[in-house]
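J.: Before we start, here is the structure in question, set down as structure tokens.
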Amino acid sequence: MCIQGSRSNIHYDPYSNCLCVVSGRKHVTLFSPACTPFLAPAALTSDAANHSQINFSQPDFDRNPEFRLAMQQQWKVTMQAGDALFIPEGYWHQVDSEGMTVAVNFWWQSSLTTLLREQPHCRFYHLRVVMGEALGSLIEQLVENCPAADLGSEAAGTLRPLGQDQPEQDQPEQDQPGQDRTVQLPETRASKARKLSCLTPRETAAVRLACKLLSQCPDAQQPEIQTIQTVPEQRESLQAGRIPVPGTSVIGCSNRSCGMDAVGVLQSPLQLPADPLSCLFKALDAAELVHCLYEVSVKQPSLIQAMFDVHMSPLAAYLLTSKLESAEKECVFSDERVSEQPVALDGTAATPSQAEFYCSLYGACRDADQVFHHLLDLRQQLSQQAARIMLKHVVQIV
């Protein structure tokens with residue numbers, strides 16, 4: 001009951017709640033548990049772990065810029081006498097009461113809370129299970145929030161391997177008006193004896209962008225803003241990361257104090273810096289990635305070593321290995337060698353067999369076993385980065 005109105009802070013309850021208004025009026029603002037990283041929750045070690053540190057009446061956006069992201073996903077409900085509202089366990093809520101207000105709450109434990117209290121000997125096991133599930137979900141979120149390279153910005157055309165000049169007779173024939181042809185890359189000396197993929201314009205642009213990126217020295221590596229396209233409109237505010245990735249550059253973080261980047265886009269704690277190789281892998285489906293990596297490994301094998309040694313970030317390693325796993329599950333690979341397949345001019349690239357692809361990819365490296373373990377280490381680094389994000393922005397421990 002309240003006589004002159006009241007205002008609660010933002011909090012969640014460790015049980016389900018049915019809020020019933022007997023008289024007066026209440027205004028309830030709700031946030032999904034998914035908004036927890038944006039609500040500055042109190043540290044798990046504090047006595048008010050279920051409360052937000054944000055002043056709902058006068059939020060400090062300089063200190064908590066991510067709260068704007070939560071505000072974009074809030075629900076507002078006005079309750080009159082006779083209304084009831086179900087608030088599930090874990091949903092953040094803030095309540096304003098007008099004047100003389102009387103309300104009744106019905107609370108009950110959820111199945112999760114009941115399980116934890118009935119099996120105290122399993123709590124550490126349950127903690128590992130929950131943390132594992134949360135890490136997997138957060139990694140998927142980091143991948144989803146990674147922008148994709150805009151392959152349309154790379155003009156489709158003949159790609160010359162870097163550092164080589166092709167004689168005039170090696171130039172492909174010019175397309176005639178109305179003639180439908182894919183772009184076929186010129187052959188190098190290393191590939192004279194075999195026919196390579198007939199790449200689509202998108203794949204040609206991807207190979208062109210990959211060669212340009214992988215030929216750069218580490219000190220000069222800078223992401224090109226014009227080659228990055230924005231993620232869908234509902235995530236336009238998630239354009240820049242705040243957790244550093246070793247060996248990568250950060251796009252647009254000029255004003256960390258207010259949480260805005262150089263063009264005024266709101267940052268999110270659930271996004272890693274967009275390194276160019278991750279953006280390129282994100283733009284390609286499994287089949288396109290196989291075609292492009294095979295083309296580069298045959299025509300520019302030295303760039304494959306540079307990809308693994310210099311340019312591969314934890315996020316890029318996760319995208320690479322995940323899409324290669326998808327390629328195997330989706331039966332992308334061919335049953336025959338590329339050299340035994342006819343040259344396709346209908347937009348369908350000749351696909352290598354699985355053994356041929358991996359022999360070409362890892363055969364371009366000095367030590368295939370070292371590359372394999374390096375990829376595993378990078379995937380573990382991504383999990384560790386996700387764990388730090390979760391502990392910092394969800395649990396508020398570090």
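Every chain in the structure tokens takes a letter, A first, then B, and so on in the order presented; its residues are numbered from 1, and the ligands are numbered from 1 following the presented order.
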Would you list the contacts of Met79 in chain A as a list of chain:residue names, taking every protein, DNA or RNA residue within 8 Å and counting only C-alpha atoms, but skipping same-chain residues closer than 4 positions in sequence?
T.: A:Val21, A:Arg25, A:Lys26, A:His27, A:Val28, A:Asp83, A:Ala84
J.: If we count only C-alpha atoms, what is near Tyr91 in chain A at a cut-off of 7 Å, once residues fewer than 3 positions away on the same chain are taken out, given as a list of chain:residue names?
T.: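 So, after excluding close chain neighbours, the residues are A:Tyr12, A:Leu30, A:Phe31, A:Ser32, A:Pro33, A:Ile87, A:Pro88.
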J.: Taking 6 positions as the minimum chain separation for residues in the same chain, which residues sit within 7 Å of Val102 in chain A when counting only C-alpha atoms? Answer as number ranges by chain.
T.: A: 1-2, 21-24
J.: Just checking: using only C-alpha atoms, which residue out of A:Tyr318, A:Tyr15, A:Phe357, A:Phe38 ends up closest to Lys392 in chain A?
T.: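 The shortest atom-to-atom distance to Lys392 in chain A comes from A:Phe38.
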J.: Hey, what does DSSP flag as helix (DSSP H, G or I) within range 81-126 of chain A? Can you give it to me as a ChimeraX atom specification?
T.: /A:111-118,120-126
J.: Would you mind exporting N, CA, C and O atoms of the selected residues as a PDB file, in the first residue's frame?
T.:
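Result saved to result_3.pdb:
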ATOM      1  N   SER A 111      10.486 -23.651 -11.266  1.00  0.00           N
ATOM      2  CA  SER A 111      11.052 -25.002 -11.230  1.00  0.00           C
ATOM      3  C   SER A 111      12.573 -24.956 -11.072  1.00  0.00           C
ATOM      4  O   SER A 111      13.169 -25.828 -10.431  1.00  0.00           O
ATOM      5  N   LEU A 112      13.217 -23.916 -11.636  1.00  0.00           N
ATOM      6  CA  LEU A 112      14.671 -23.787 -11.522  1.00  0.00           C
ATOM      7  C   LEU A 112      15.069 -23.545 -10.072  1.00  0.00           C
ATOM      8  O   LEU A 112      15.968 -24.208  -9.535  1.00  0.00           O
ATOM      9  N   THR A 113      14.400 -22.604  -9.412  1.00  0.00           N
ATOM     10  CA  THR A 113      14.723 -22.306  -8.016  1.00  0.00           C
ATOM     11  C   THR A 113      14.470 -23.520  -7.129  1.00  0.00           C
ATOM     12  O   THR A 113      15.257 -23.837  -6.226  1.00  0.00           O
ATOM     13  N   THR A 114      13.365 -24.203  -7.393  1.00  0.00           N
ATOM     14  CA  THR A 114      13.049 -25.406  -6.615  1.00  0.00           C
ATOM     15  C   THR A 114      14.123 -26.466  -6.777  1.00  0.00           C
ATOM     16  O   THR A 114      14.561 -27.097  -5.805  1.00  0.00           O
ATOM     17  N   LEU A 115      14.592 -26.656  -8.017  1.00  0.00           N
ATOM     18  CA  LEU A 115      15.632 -27.646  -8.286  1.00  0.00           C
ATOM     19  C   LEU A 115      16.917 -27.305  -7.546  1.00  0.00           C
ATOM     20  O   LEU A 115      17.555 -28.174  -6.948  1.00  0.00           O
ATOM     21  N   LEU A 116      17.316 -26.033  -7.586  1.00  0.00           N
ATOM     22  CA  LEU A 116      18.560 -25.630  -6.940  1.00  0.00           C
ATOM     23  C   LEU A 116      18.495 -25.821  -5.430  1.00  0.00           C
ATOM     24  O   LEU A 116      19.492 -26.188  -4.791  1.00  0.00           O
ATOM     25  N   ARG A 117      17.332 -25.594  -4.849  1.00  0.00           N
ATOM     26  CA  ARG A 117      17.218 -25.691  -3.391  1.00  0.00           C
ATOM     27  C   ARG A 117      17.035 -27.133  -2.940  1.00  0.00           C
ATOM     28  O   ARG A 117      17.406 -27.479  -1.815  1.00  0.00           O
ATOM     29  N   GLU A 118      16.480 -27.966  -3.781  1.00  0.00           N
ATOM     30  CA  GLU A 118      16.281 -29.363  -3.403  1.00  0.00           C
ATOM     31  C   GLU A 118      17.530 -30.198  -3.646  1.00  0.00           C
ATOM     32  O   GLU A 118      17.640 -31.289  -3.098  1.00  0.00           O
ATOM     33  N   PRO A 120      21.148 -29.190  -3.277  1.00  0.00           N
ATOM     34  CA  PRO A 120      22.289 -28.306  -3.004  1.00  0.00           C
ATOM     35  C   PRO A 120      23.626 -28.934  -3.363  1.00  0.00           C
ATOM     36  O   PRO A 120      24.585 -28.217  -3.671  1.00  0.00           O
ATOM     37  N   HIS A 121      23.722 -30.280  -3.341  1.00  0.00           N
ATOM     38  CA  HIS A 121      24.983 -30.945  -3.668  1.00  0.00           C
ATOM     39  C   HIS A 121      25.313 -30.818  -5.157  1.00  0.00           C
ATOM     40  O   HIS A 121      26.452 -31.093  -5.552  1.00  0.00           O
ATOM     41  N   CYS A 122      24.355 -30.415  -5.989  1.00  0.00           N
ATOM     42  CA  CYS A 122      24.565 -30.303  -7.439  1.00  0.00           C
ATOM     43  C   CYS A 122      24.769 -28.861  -7.895  1.00  0.00           C
ATOM     44  O   CYS A 122      24.821 -28.603  -9.107  1.00  0.00           O
ATOM     45  N   ARG A 123      24.847 -27.934  -6.969  1.00  0.00           N
ATOM     46  CA  ARG A 123      24.877 -26.526  -7.370  1.00  0.00           C
ATOM     47  C   ARG A 123      26.082 -26.190  -8.233  1.00  0.00           C
ATOM     48  O   ARG A 123      25.973 -25.463  -9.219  1.00  0.00           O
ATOM     49  N   PHE A 124      27.256 -26.706  -7.880  1.00  0.00           N
ATOM     50  CA  PHE A 124      28.439 -26.394  -8.696  1.00  0.00           C
ATOM     51  C   PHE A 124      28.326 -27.012 -10.080  1.00  0.00           C
ATOM     52  O   PHE A 124      28.769 -26.439 -11.074  1.00  0.00           O
ATOM     53  N   TYR A 125      27.720 -28.209 -10.142  1.00  0.00           N
ATOM     54  CA  TYR A 125      27.486 -28.813 -11.451  1.00  0.00           C
ATOM     55  C   TYR A 125      26.506 -27.962 -12.257  1.00  0.00           C
ATOM     56  O   TYR A 125      26.725 -27.679 -13.434  1.00  0.00           O
ATOM     57  N   HIS A 126      25.406 -27.564 -11.608  1.00  0.00           N
ATOM     58  CA  HIS A 126      24.415 -26.729 -12.295  1.00  0.00           C
ATOM     59  C   HIS A 126      25.038 -25.411 -12.747  1.00  0.00           C
ATOM     60  O   HIS A 126      24.707 -24.896 -13.826  1.00  0.00           O
TER      61      HIS A 126
END
J.: Show me, as a list in words, the residues that have an atom within 12 Å of Pro37 in chain A when counting only C-alpha atoms, minus same-chain residues fewer than 6 positions from it.
T.: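 Counting only the stated atoms, we get Phe31, Ala43, Ser52, Gln53, Asn64, Pro65, Glu66, Phe67, Arg68, Leu69, Ala70, Trp92, Leu138, Ser268, Pro269, Leu270, Gln271, Ile389, Met390, Leu391, Lys392, His393, Val394, Val395 and Gln396 of chain A.
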